[in-house]
Amino acid sequence: MAKPAKPGEPATQIIPADRGQRAPADMDNMMTTVRSVRVGRLIVTDGPGKGQSIEFYQGSNSIGRDATKNVVAIDFGDAAIHREHHAYLTCNKGVCTLSDNGKQNPIKVNGRMLEGETKVGPGDEIMLGVTKLRIELG
């Protein structure tokens, strides 16, 4: 079903994913992309929102606090996570990478500061602000 666009915004279309779930549209670069293949979830293991999980999808997933501009929206009260594009989680053909996209956003992977891009997988821990996340695939 098509959603009418607001002035200045591209139209988005949400299609059912496997198991009848609905997937969010990726608004990166103001392009309309439909997310229908869920790759995994980020589990909040510490910080605001502890115990909650956030799904991510095949392709590029922008991570930030603003749900209108990100596929993976983390808004549990951690003001240290940027509203837009704090990090990018990209998954293609079973391989996931986490990137700071050249920004100075503080991101740790398994306790080490991320500089640029790194491969991530099941069980890896990501620290954004004071929020700690664990990756689960599948």
# chains A, B, ... in the order shown; residues from 1 in each chain; ligands from 1
>>> residues_around(residues="segment 59-66 of chain A", least_positions_apart="4", cutoff="12 Å", atoms="only C-alpha atoms", output="PyMOL selection string")
chain A and resi 24-29+33-42+54-55+70-101+105+107+126+128-129+131+133
>>> atom_distance(atom1="atom CA of Asn110 of chain A", atom2="atom CA of Gln58 of chain A")
22.3 Å
>>> residues_around(residues="Arg134 of chain A", least_positions_apart="3", cutoff="9 Å", atoms="only C-alpha atoms", output="PyMOL selection string")
chain A and resi 41-45+122-127
